[in-house]
Amino acid sequence: RLHQLVEALDDAELCVSLDSTCADAWLAKGKAERALGRAADAALSYQAGLRVDPDSAELRAEFAAVRAEPPPNLLRQLRDLVFAARLGLENLFRTVEDPEKTTDAFVESNRELLDAQLGLLAQTLRVNTAVLFESPMLCDAYEQIVYACAQLVAGAPAAFSTLLRNAPNVVEGLSLALRVGWHVHHSVPKLAANALVVLATCPNADDQLRRKAVRHLLGGMLRWLLDARPEPDREAEEVCGCSCAVPWKAAACFLERFFEPGRAPPWVREECEAWPDVAQLCQWLTLSVR
């Protein structure tokens with residue numbers, strides 16, 4: 001269900017980007033955000049919709065309902081991060097910094113602890129962006145969490161996907177980081193994209209999870225291609241082999257390694273053929289490289 005919510009949010013945000021005067025698009029965006037646990041983001045979407053259509057009874061009802069919920073508690077989110085540290089988060093960070101230590105054997109021998117850590121970290125990856133972007137402290141913590149999760153997935157995709165119960169939640173969290181990370185730091189979405197590419201193409205990974213990674217990656221790359229932010233004068237520092245400073249250029253880097261000529265696994269081809277927006281992805285990719 002969470003995968004469907006991410007796709008619903010993608011569709012709504014695409015509609016809003018194409019026509020910001022469409023009240024139904026703001027309504028759909030708010031509903032998806034609220035279902036993802038992002039009440040503060042949903043409230044902003046409902047407000048935007050009401051500015052377009054002040055007489056919408058459904059928008060007014062949804063906005064009233066979301067305002068009745070407790071506001072996002074930044075201190076609680078930071079407390080969760082402190083609790084994660086008590087679970088040995090610092091040890092996890094040190095381990096994933098060394099690719100030689102981030103192996104299937106490491107995951108297998110620490111699976112219970114890793115599951116406890118990842119269960120909490122996956123929740124923090126679903127933070128309200130309205131709260132995240134206003135807190136430099138939370139942005140720094142978010143970047144560290146994405147780094148830890150992404151390095152673990154990229155270093156041991158097979159064991160991660162087959163041995164850890166919270167693996168699906170981490171993949172969903174990385175898919176969200178893929179979409180909002182450019183507003184934090186360019187390393188965040190690139191780390192998430194690299195992890196999803198590795199998982200999606202791993203021959204020994206759980207088939208259902210790697211197929212989800214394919215769909216999340218395709219949706220995220222389309223979002224990147226549609227992001228028309230101007231290109232700065234200088235390239236960014238290299239992260240995961242990509243020094244592109246804007247998402248529409250970085251998309252070409254990650255899609256190139258994802259669709260390595262002549263080596264796309266059969267499940268990747270199947271998911272791409274079934275993905276409803278593949279033609280649109282190809283069109284925007286063509287425009288970006290030209």
# chains A, B, ... in the order shown; residues from 1 in each chain; ligands from 1
>>> residues_around(residues="A:Leu152", least_positions_apart="3", cutoff="10 Å", atoms="only C-alpha atoms", output="list in words")
Leu92, Phe93, Thr95, Val96, Glu97, Pro99, Lys101, Thr102, Thr103, Asp104, Phe106, Val107, Leu114, Val146, Tyr147, Ala148, Cys149, Gly155, Ala156, Pro157, Ala159, Phe160 and Ala195 of chain A
>>> atom_distance(atom1="atom CA of A:Val16", atom2="atom CA of A:Ala177")
19.7 Å
>>> select_by_dssp(residues="stretch 73-260 of chain A", states="alpha helix (DSSP H)", output="number ranges by chain")
A: 74-86, 89-96, 104-109, 111-124, 129-132, 136-155, 157-163, 167-180, 187-200, 207-226, 247-258
>>> closest_residue(among="A:Val239, A:Cys202, A:Ala274, A:Leu226", to="A:Ser288", atoms="only C-alpha atoms")
A:Leu226
>>> atom_distance(atom1="atom CA of A:Arg94", atom2="atom CA of A:Gln123")
21.2 Å
